[in-house]
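This is model-v3.txt (compact mmCIF, C-alpha atoms).
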```
# COMPACT_ATOMS: atom_id res chain seq x y z
CA MET A 1 -138.60 51.68 63.44
CA ASN A 2 -141.86 53.50 62.79
CA ALA A 3 -141.48 57.21 63.58
CA ILE A 4 -144.48 57.22 65.95
CA LEU A 5 -143.20 54.22 67.88
CA LEU A 6 -139.73 55.74 68.12
CA TYR A 7 -141.19 59.00 69.42
CA LEU A 8 -143.28 57.18 72.03
CA LEU A 9 -140.26 55.15 73.13
CA GLU A 10 -138.22 58.31 73.69
CA VAL A 11 -141.10 60.08 75.47
CA ASN A 12 -141.63 57.19 77.86
CA ILE A 13 -137.95 56.89 78.65
CA ILE A 14 -137.84 60.56 79.62
CA VAL A 15 -141.10 60.31 81.60
CA THR A 16 -139.70 57.38 83.55
CA VAL A 17 -136.49 59.27 84.30
CA VAL A 18 -138.46 62.34 85.41
CA TYR A 19 -140.68 60.31 87.71
CA LEU A 20 -137.77 58.43 89.28
CA ALA A 21 -135.86 61.68 89.80
CA TYR A 22 -138.93 63.23 91.41
CA ARG A 23 -139.42 60.29 93.75
CA LEU A 24 -135.77 60.27 94.77
CA LEU A 25 -135.22 64.01 95.13
CA LEU A 26 -138.49 65.83 95.76
CA SER A 27 -141.24 63.48 96.94
CA ARG A 28 -140.53 64.28 100.61
CA ASP A 29 -139.83 67.95 100.03
CA THR A 30 -142.44 70.42 101.28
CA HIS A 31 -141.51 73.14 98.80
CA PHE A 32 -144.58 72.34 96.72
CA GLN A 33 -144.05 75.09 94.17
CA TRP A 34 -140.61 73.68 93.34
CA ARG A 35 -142.19 70.27 92.95
CA ARG A 36 -144.77 71.74 90.63
CA ALA A 37 -142.12 73.47 88.51
CA PHE A 38 -140.04 70.31 88.28
CA MET A 39 -142.94 68.15 87.11
CA LEU A 40 -144.21 70.72 84.62
CA ALA A 41 -140.73 71.10 83.17
CA GLY A 42 -140.27 67.33 83.08
CA VAL A 43 -143.51 66.74 81.19
CA THR A 44 -142.68 69.53 78.74
CA VAL A 45 -139.21 68.12 78.07
CA ALA A 46 -140.58 64.60 77.68
CA VAL A 47 -143.08 65.68 75.02
CA VAL A 48 -140.99 68.26 73.15
CA PHE A 49 -137.41 66.99 73.33
CA PRO A 50 -137.93 63.90 71.10
CA LEU A 51 -139.32 66.22 68.39
CA VAL A 52 -136.16 68.32 68.24
CA ASP A 53 -133.95 67.60 65.25
CA PHE A 54 -130.29 68.05 66.13
CA GLY A 55 -129.15 67.36 62.59
CA VAL A 56 -127.49 64.09 63.51
CA THR A 57 -128.24 61.12 61.30
CA ALA A 58 -127.37 57.55 62.03
CA GLU A 59 -125.42 55.64 59.44
CA LYS A 60 -125.67 51.95 58.91
CA VAL A 61 -122.73 50.09 60.32
CA GLY A 62 -121.75 47.17 58.17
CA GLY A 63 -123.92 45.91 55.39
CA ARG A 64 -124.99 42.89 53.47
CA VAL A 65 -122.50 40.70 51.70
CA ALA A 66 -121.80 42.25 48.32
CA TYR A 67 -121.76 38.95 46.50
CA VAL A 68 -122.93 35.59 47.78
CA GLY A 69 -123.71 33.82 44.53
CA PRO A 70 -126.78 34.18 42.33
CA ALA A 71 -128.92 31.46 43.92
CA LEU A 72 -128.13 32.37 47.53
CA GLN A 73 -128.58 36.05 46.78
CA VAL A 74 -132.11 35.45 45.48
CA VAL A 75 -133.05 33.40 48.56
CA HIS A 76 -131.50 35.96 50.89
CA GLY A 77 -133.42 38.78 49.20
CA ALA A 78 -136.71 36.90 49.41
CA VAL A 79 -136.28 36.10 53.10
CA SER A 80 -135.29 39.70 53.84
CA ASN A 81 -138.42 40.99 52.10
CA VAL A 82 -140.65 38.65 54.09
CA VAL A 83 -139.05 39.67 57.39
CA ASP A 84 -139.31 43.35 56.50
CA ASN A 85 -142.98 43.00 55.54
CA VAL A 86 -143.81 41.18 58.78
CA ALA A 87 -142.01 43.85 60.81
CA ILE A 88 -143.90 46.60 59.00
CA ASP A 89 -147.23 44.85 59.57
CA VAL A 90 -146.54 44.42 63.30
CA GLN A 91 -145.53 48.06 63.65
CA SER A 92 -148.60 49.20 61.75
CA LEU A 93 -150.79 47.10 64.03
CA LEU A 94 -149.17 48.57 67.14
CA VAL A 95 -149.60 52.11 65.84
CA ALA A 96 -153.26 51.45 65.00
CA LEU A 97 -153.88 50.04 68.49
CA TYR A 98 -152.12 52.97 70.15
CA VAL A 99 -153.98 55.59 68.09
CA SER A 100 -157.35 53.92 68.72
CA VAL A 101 -156.99 53.89 72.51
CA ALA A 102 -155.49 57.39 72.60
CA ALA A 103 -158.35 58.72 70.46
CA VAL A 104 -160.95 57.27 72.83
CA LEU A 105 -159.20 58.78 75.86
CA LEU A 106 -158.86 62.13 74.12
CA LEU A 107 -162.54 62.13 73.21
CA TYR A 108 -163.41 61.39 76.83
CA LEU A 109 -161.26 64.34 77.92
CA VAL A 110 -162.99 66.65 75.45
CA VAL A 111 -166.40 65.54 76.72
CA ARG A 112 -165.39 66.32 80.30
CA VAL A 113 -164.09 69.76 79.37
CA VAL A 114 -167.26 70.58 77.45
CA SER A 115 -169.32 69.43 80.45
CA VAL A 116 -167.80 72.23 82.53
CA PHE A 117 -169.05 74.89 80.17
CA ALA A 118 -172.44 73.20 80.19
CA LEU A 119 -172.53 73.62 83.98
CA VAL A 120 -171.84 77.36 83.63
CA SER A 121 -175.12 77.84 81.80
CA ARG A 122 -176.93 75.34 83.99
CA TYR A 123 -176.36 76.79 87.46
CA ASP A 124 -176.99 80.26 88.88
CA ASP A 125 -174.03 82.33 89.99
CA MET A 126 -173.40 84.49 93.04
CA THR A 127 -170.54 86.63 94.29
CA VAL A 128 -168.82 85.78 97.57
CA ALA A 129 -165.74 87.71 98.70
CA ASP A 130 -165.36 89.14 95.20
CA ARG A 131 -165.43 85.63 93.75
CA LYS A 132 -168.01 84.57 91.21
CA LEU A 133 -169.32 81.16 92.22
CA PHE A 134 -171.68 78.79 90.46
CA VAL A 135 -173.95 77.21 93.04
CA MET A 136 -174.95 73.57 92.69
CA PRO A 137 -177.70 71.81 94.64
CA GLY A 138 -176.95 69.32 97.41
CA ASN A 139 -173.75 68.64 99.33
CA SER A 140 -171.60 67.16 96.61
CA GLY A 141 -168.58 69.38 97.25
CA ALA A 142 -166.67 71.93 95.23
CA PHE A 143 -164.34 72.09 92.26
CA SER A 144 -162.79 74.57 89.87
CA PHE A 145 -161.60 74.72 86.30
CA PHE A 146 -159.61 77.73 85.12
CA GLY A 147 -161.72 80.76 86.12
CA PHE A 148 -164.84 78.82 87.11
CA ILE A 149 -165.55 77.84 90.73
CA PHE A 150 -168.45 75.51 91.46
CA VAL A 151 -169.65 75.05 95.05
CA SER A 152 -172.60 73.00 96.27
CA GLU A 153 -175.16 74.62 98.54
CA GLY A 154 -173.99 72.64 101.56
CA PHE A 155 -170.52 74.27 101.43
CA ILE A 156 -171.34 77.78 100.24
CA ASP A 157 -170.67 79.17 103.74
CA ASP A 158 -167.37 77.35 104.20
CA ASP A 159 -164.66 79.95 103.61
CA ASN A 160 -161.97 77.27 103.57
CA VAL A 161 -163.55 75.53 100.62
CA ILE A 162 -163.92 78.73 98.61
CA SER A 163 -160.41 79.93 99.47
CA HIS A 164 -158.99 76.57 98.48
CA GLU A 165 -160.59 76.69 95.05
CA ALA A 166 -159.55 80.32 94.66
CA VAL A 167 -155.90 79.25 94.96
CA HIS A 168 -156.41 76.76 92.14
CA VAL A 169 -157.92 79.50 89.99
CA ASP A 170 -155.34 82.19 90.78
CA GLN A 171 -152.36 79.90 90.15
CA LEU A 172 -153.80 78.37 86.98
CA HIS A 173 -153.63 74.85 88.35
CA SER A 174 -155.94 73.71 85.56
CA VAL A 175 -152.95 74.01 83.23
CA ASP A 176 -151.19 71.32 85.27
CA VAL A 177 -154.34 69.22 85.26
CA LEU A 178 -154.64 69.33 81.48
CA MET A 179 -150.94 68.61 81.01
CA SER A 180 -151.20 65.58 83.30
CA GLU A 181 -154.27 64.40 81.40
CA PHE A 182 -152.56 64.78 78.03
CA LEU A 183 -149.53 62.92 79.39
CA SER A 184 -151.68 59.98 80.48
CA ILE A 185 -153.34 59.95 77.06
CA LEU A 186 -150.05 60.13 75.17
CA CYS A 187 -148.50 57.41 77.34
CA TRP A 188 -151.63 55.47 78.25
CA PHE A 189 -149.78 52.15 78.17
CA ASN A 190 -147.10 53.27 80.64
CA PRO A 191 -147.98 52.94 84.36
CA VAL A 192 -145.28 55.47 85.24
CA ALA A 193 -147.12 58.18 83.27
CA TRP A 194 -150.25 57.56 85.35
CA LEU A 195 -148.19 57.68 88.56
CA LEU A 196 -146.69 61.01 87.51
CA ARG A 197 -150.18 62.27 86.67
CA GLY A 198 -151.30 61.40 90.19
CA GLU A 199 -148.30 63.14 91.76
CA MET A 200 -149.03 66.30 89.78
CA ARG A 201 -152.66 66.31 90.89
CA ASP A 202 -151.86 65.62 94.54
CA ASN A 203 -149.20 68.32 94.63
CA LEU A 204 -151.73 70.93 93.49
CA GLU A 205 -153.84 70.07 96.53
CA TYR A 206 -150.82 70.43 98.80
CA ILE A 207 -150.16 73.87 97.33
CA ALA A 208 -153.74 75.00 97.90
CA ASP A 209 -153.77 73.54 101.42
CA SER A 210 -150.54 75.30 102.37
CA ARG A 211 -151.82 78.64 101.06
CA VAL A 212 -155.17 78.48 102.85
CA MET A 213 -154.27 76.75 106.09
CA THR A 214 -152.82 78.85 108.92
CA ARG A 215 -152.04 78.12 112.57
CA ASP A 216 -155.29 79.79 113.59
CA ASN A 217 -157.56 77.85 111.22
CA ARG A 218 -155.67 74.53 111.09
CA ARG A 219 -158.24 72.61 113.12
CA GLN A 220 -161.15 74.14 111.23
CA TYR A 221 -159.46 73.39 107.93
CA GLN A 222 -159.01 69.75 108.87
CA MET A 223 -162.69 69.60 109.75
CA SER A 224 -163.52 70.98 106.31
CA LEU A 225 -161.49 68.21 104.73
CA LEU A 226 -163.16 65.54 106.82
CA ALA A 227 -166.59 66.96 106.04
CA MET A 228 -165.92 66.28 102.38
CA THR A 229 -165.13 62.59 102.82
CA ASP A 230 -168.78 61.55 102.82
CA ASN A 231 -169.47 63.35 99.58
CA GLN A 232 -168.93 61.99 96.11
CA ALA A 233 -166.41 63.96 94.08
CA ILE A 234 -168.23 65.87 91.37
CA ALA A 235 -165.53 65.55 88.77
CA LYS A 236 -162.12 64.17 89.64
CA PHE A 237 -160.79 65.53 86.39
CA TYR A 238 -160.99 69.08 87.71
CA ASN A 239 -159.32 70.82 90.65
CA ASN A 240 -161.61 69.63 93.41
CA PHE A 241 -161.39 70.20 97.14
CA ASN A 242 -161.91 66.56 98.02
CA VAL A 243 -159.37 65.11 95.61
CA SER A 244 -157.48 61.93 96.62
CA SER A 245 -154.72 61.50 99.24
CA LEU A 246 -156.81 62.94 102.05
CA LYS A 247 -154.74 61.16 104.74
CA LYS A 248 -151.52 62.56 103.31
CA ARG A 249 -152.97 66.06 103.20
CA ILE A 250 -154.16 65.95 106.81
CA LYS A 251 -150.78 64.62 107.91
CA ILE A 252 -148.94 67.37 106.05
CA ILE A 253 -151.28 70.01 107.50
CA SER A 254 -150.63 68.68 111.01
CA VAL A 255 -146.88 69.15 110.75
CA HIS A 256 -146.74 72.16 108.40
```

Would it be possible to restate this file's structure as structure tokens?
Amino acid sequence: MNAILLYLLEVNIIVTVVYLAYRLLLSRDTHFQWRRAFMLAGVTVAVVFPLVDFGVTAEKVGGRVAYVGPALQVVHGAVSNVVDNVAIDVQSLLVALYVSVAAVLLLYLVVRVVSVFALVSRYDDMTVADRKLFVMPGNSGAFSFFGFIFVSEGFIDDDNVISHEAVHVDQLHSVDVLMSEFLSILCWFNPVAWLLRGEMRDNLEYIADSRVMTRDNRRQYQMSLLAMTDNQAIAKFYNNFNVSSLKKRIKIISVH
């Protein structure tokens, strides 16, 4: 089998096992940091483990008949060559298809990352509670990417929103985001990889919610979440306050 196809097969097997283990063992657990660690470790193992060479080589079991007669041997050799060539062509076609789609997705990711840095030079910044914020016009919401926090004018006075994004920044949640994006690119044909990507993104929101929300501000925090529902997410690729699974988040906040 083609080396790339073999690697992808092994990666997707591990990804599937990781996702199933997560769903069975941790999906209902409220220790969100443990969930984060498990998924990060799982993605790392899935990508790296198939590349490790343990020095074990497989040997062919059995072999072709040593002597089957001159005429039959010629026919057998010709048929074998045709089958081998067809198999190689099919594998080459699959690899070309995989690389083409992955390249497009990777390019799209690069464009989105570059767009963040473009926003840094586009919008004015201000300091709120020792946090440097880039202020955007309108009421489109808020999001963060590594050390950058972007907040629209309509939410600049909402401490919950700023505190939420600050958690993403302080805990380097953008690392998880990029890893989940790379996983979905590497395994773009596997629905399980996209499901795991979604779980990783949602869990980051649970972590930020649990760090910001207290008994005293629970009601206010829920109102901040609901206030975001009428606004279009600026960039779902980044850590953004109004990311998906809003109903789940409100439910978790209510019982946390």

Next on the checklist: Here is a test: counting all atoms listed in the file, which residue of A:Leu40, A:Val95, A:Ala103, A:Met223 is nearest to Glu199 of chain A?
Outcome noted: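 Among the listed residues, the smallest separation from Glu199 of chain A belongs to A:Leu40.
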
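Between atom CA of Arg201 of chain A and atom CA of Trp188 of chain A lies a distance of 16.7 Å.
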
Item to check | Residues within 7 Å of segment 108-122 of chain A, all atoms listed in the file, excluding chain neighbours under 3 positions, as a VMD selection string | outcome: chain A and resid 104 to 105 134

Writer output for current selection, C-alpha atoms, as a short mmCIF file (atom, residue, chain, number, x, y, z; two decimals), in the coordinates of the input:
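Listed below is the output, selection17.cif:
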```cif
data_model
loop_
_atom_site.label_atom_id
_atom_site.label_comp_id
_atom_site.auth_asym_id
_atom_site.auth_seq_id
_atom_site.Cartn_x
_atom_site.Cartn_y
_atom_site.Cartn_z
CA VAL A 104 -160.95 57.27 72.83
CA LEU A 105 -159.20 58.78 75.86
CA PHE A 134 -171.68 78.79 90.46
#
```

Next on the checklist: Please compute the atom CA of Ser92 of chain A-atom CA of Thr16 of chain A distance, one decimal, in Å.
Outcome noted: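 Those two atoms sit 24.9 Å apart.
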
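Atom CA of Pro50 of chain A sits 21.3 Å away from atom CA of Leu97 of chain A.
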
Next on the checklist: Show me the residues close to (-151.5, 56.3, 63.8) - anything with an atom within 12 Å, counting only C-alpha atoms - and format the list as a PyMOL selection string.
Outcome noted: chain A and resi 2-5+8+91-103

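Residue nearest Asn217 of chain A within the list A:Asn203, A:Asn160, A:Asn190, A:Thr44: A:Asn160 [criterion: smallest interatomic distance, all atoms listed in the file].
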
Item to check | Residue nearest Phe146 of chain A - candidates A:Asp158, A:Asp124, A:Val167, A:Ser174, atoms counted: all atoms listed in the file | outcome: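 When distances to Phe146 of chain A are compared using all atoms listed in the file, the smallest one comes from A:Ser174.
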
Checklist outcome for this item: If you count all atoms listed in the file, the residue of A:Met126, A:Met179, A:Leu225, A:Leu172 closest to Ile156 of chain A turns out to be A:Met126

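Proximity ranking of A:Val212, A:Leu226, A:Asp159, A:Leu196 relative to Leu183 of chain A places A:Leu196 first, based on only C-alpha atoms.
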
Checklist entry - Which is closer to Phe189 of chain A than all the others in A:Arg36, A:Phe143, A:Asn12, A:Tyr7, using only C-alpha atoms? => result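 The answer is A:Asn12, which sits nearest to Phe189 of chain A.
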
For segment 4-15 of chain A, which lacks atoms in the input, supply all heavy atoms and format the output as a compact mmCIF listing (two decimals), in the coordinates of the input.
```
# COMPACT_ATOMS: atom_id res chain seq x y z
N ILE A 4 -143.60 57.04 64.80
CA ILE A 4 -144.48 57.22 65.95
C ILE A 4 -144.01 56.37 67.12
O ILE A 4 -143.93 56.83 68.26
CB ILE A 4 -145.94 56.88 65.59
CG1 ILE A 4 -146.47 57.87 64.56
CG2 ILE A 4 -146.82 56.90 66.83
CD1 ILE A 4 -147.88 57.59 64.10
N LEU A 5 -143.66 55.11 66.83
CA LEU A 5 -143.20 54.22 67.88
C LEU A 5 -141.88 54.71 68.47
O LEU A 5 -141.67 54.62 69.69
CB LEU A 5 -143.03 52.79 67.33
CG LEU A 5 -144.31 52.10 66.86
CD1 LEU A 5 -143.99 50.71 66.32
CD2 LEU A 5 -145.32 52.00 67.99
N LEU A 6 -141.00 55.22 67.63
CA LEU A 6 -139.73 55.74 68.12
C LEU A 6 -139.96 56.95 69.02
O LEU A 6 -139.32 57.08 70.07
CB LEU A 6 -138.84 56.12 66.93
CG LEU A 6 -137.45 56.68 67.28
CD1 LEU A 6 -136.65 55.65 68.08
CD2 LEU A 6 -136.70 57.06 66.01
N TYR A 7 -140.87 57.83 68.61
CA TYR A 7 -141.19 59.00 69.42
C TYR A 7 -141.74 58.58 70.78
O TYR A 7 -141.34 59.11 71.83
CB TYR A 7 -142.18 59.88 68.68
CG TYR A 7 -142.75 61.00 69.53
CD1 TYR A 7 -141.98 62.13 69.81
CD2 TYR A 7 -144.04 60.93 70.05
CE1 TYR A 7 -142.49 63.16 70.59
CE2 TYR A 7 -144.55 61.95 70.83
CZ TYR A 7 -143.78 63.07 71.09
OH TYR A 7 -144.29 64.07 71.88
N LEU A 8 -142.68 57.64 70.78
CA LEU A 8 -143.28 57.18 72.03
C LEU A 8 -142.25 56.53 72.94
O LEU A 8 -142.28 56.69 74.16
CB LEU A 8 -144.41 56.18 71.73
CG LEU A 8 -145.66 56.77 71.06
CD1 LEU A 8 -146.63 55.67 70.70
CD2 LEU A 8 -146.32 57.79 71.98
N LEU A 9 -141.32 55.78 72.35
CA LEU A 9 -140.26 55.15 73.13
C LEU A 9 -139.43 56.21 73.84
O LEU A 9 -139.15 56.11 75.05
CB LEU A 9 -139.38 54.30 72.22
CG LEU A 9 -138.15 53.65 72.89
CD1 LEU A 9 -138.57 52.70 73.99
CD2 LEU A 9 -137.30 52.93 71.85
N GLU A 10 -139.04 57.25 73.11
CA GLU A 10 -138.22 58.31 73.69
C GLU A 10 -139.00 59.08 74.77
O GLU A 10 -138.45 59.41 75.82
CB GLU A 10 -137.75 59.25 72.59
CG GLU A 10 -136.79 58.59 71.61
CD GLU A 10 -136.41 59.50 70.46
OE1 GLU A 10 -137.02 60.58 70.32
OE2 GLU A 10 -135.50 59.14 69.69
N VAL A 11 -140.27 59.37 74.49
CA VAL A 11 -141.10 60.08 75.47
C VAL A 11 -141.19 59.29 76.77
O VAL A 11 -141.02 59.84 77.87
CB VAL A 11 -142.51 60.34 74.91
CG1 VAL A 11 -143.44 60.83 76.03
CG2 VAL A 11 -142.46 61.37 73.80
N ASN A 12 -141.45 58.00 76.66
CA ASN A 12 -141.63 57.19 77.86
C ASN A 12 -140.35 56.98 78.63
O ASN A 12 -140.37 56.85 79.86
CB ASN A 12 -142.26 55.84 77.47
CG ASN A 12 -143.74 55.95 77.23
OD1 ASN A 12 -144.54 55.90 78.16
ND2 ASN A 12 -144.13 56.13 75.98
N ILE A 13 -139.24 56.97 77.95
CA ILE A 13 -137.95 56.89 78.65
C ILE A 13 -137.74 58.14 79.49
O ILE A 13 -137.37 58.07 80.67
CB ILE A 13 -136.79 56.70 77.65
CG1 ILE A 13 -136.84 55.31 77.02
CG2 ILE A 13 -135.44 56.92 78.34
CD1 ILE A 13 -135.80 55.09 75.94
N ILE A 14 -138.01 59.30 78.89
CA ILE A 14 -137.84 60.56 79.62
C ILE A 14 -138.83 60.67 80.77
O ILE A 14 -138.48 61.10 81.88
CB ILE A 14 -137.99 61.76 78.67
CG1 ILE A 14 -136.91 61.72 77.59
CG2 ILE A 14 -137.90 63.08 79.44
CD1 ILE A 14 -137.04 62.80 76.53
N VAL A 15 -140.08 60.27 80.54
CA VAL A 15 -141.10 60.31 81.60
C VAL A 15 -140.67 59.44 82.77
O VAL A 15 -140.81 59.84 83.94
CB VAL A 15 -142.46 59.83 81.05
CG1 VAL A 15 -143.43 59.53 82.19
CG2 VAL A 15 -143.06 60.89 80.13
```
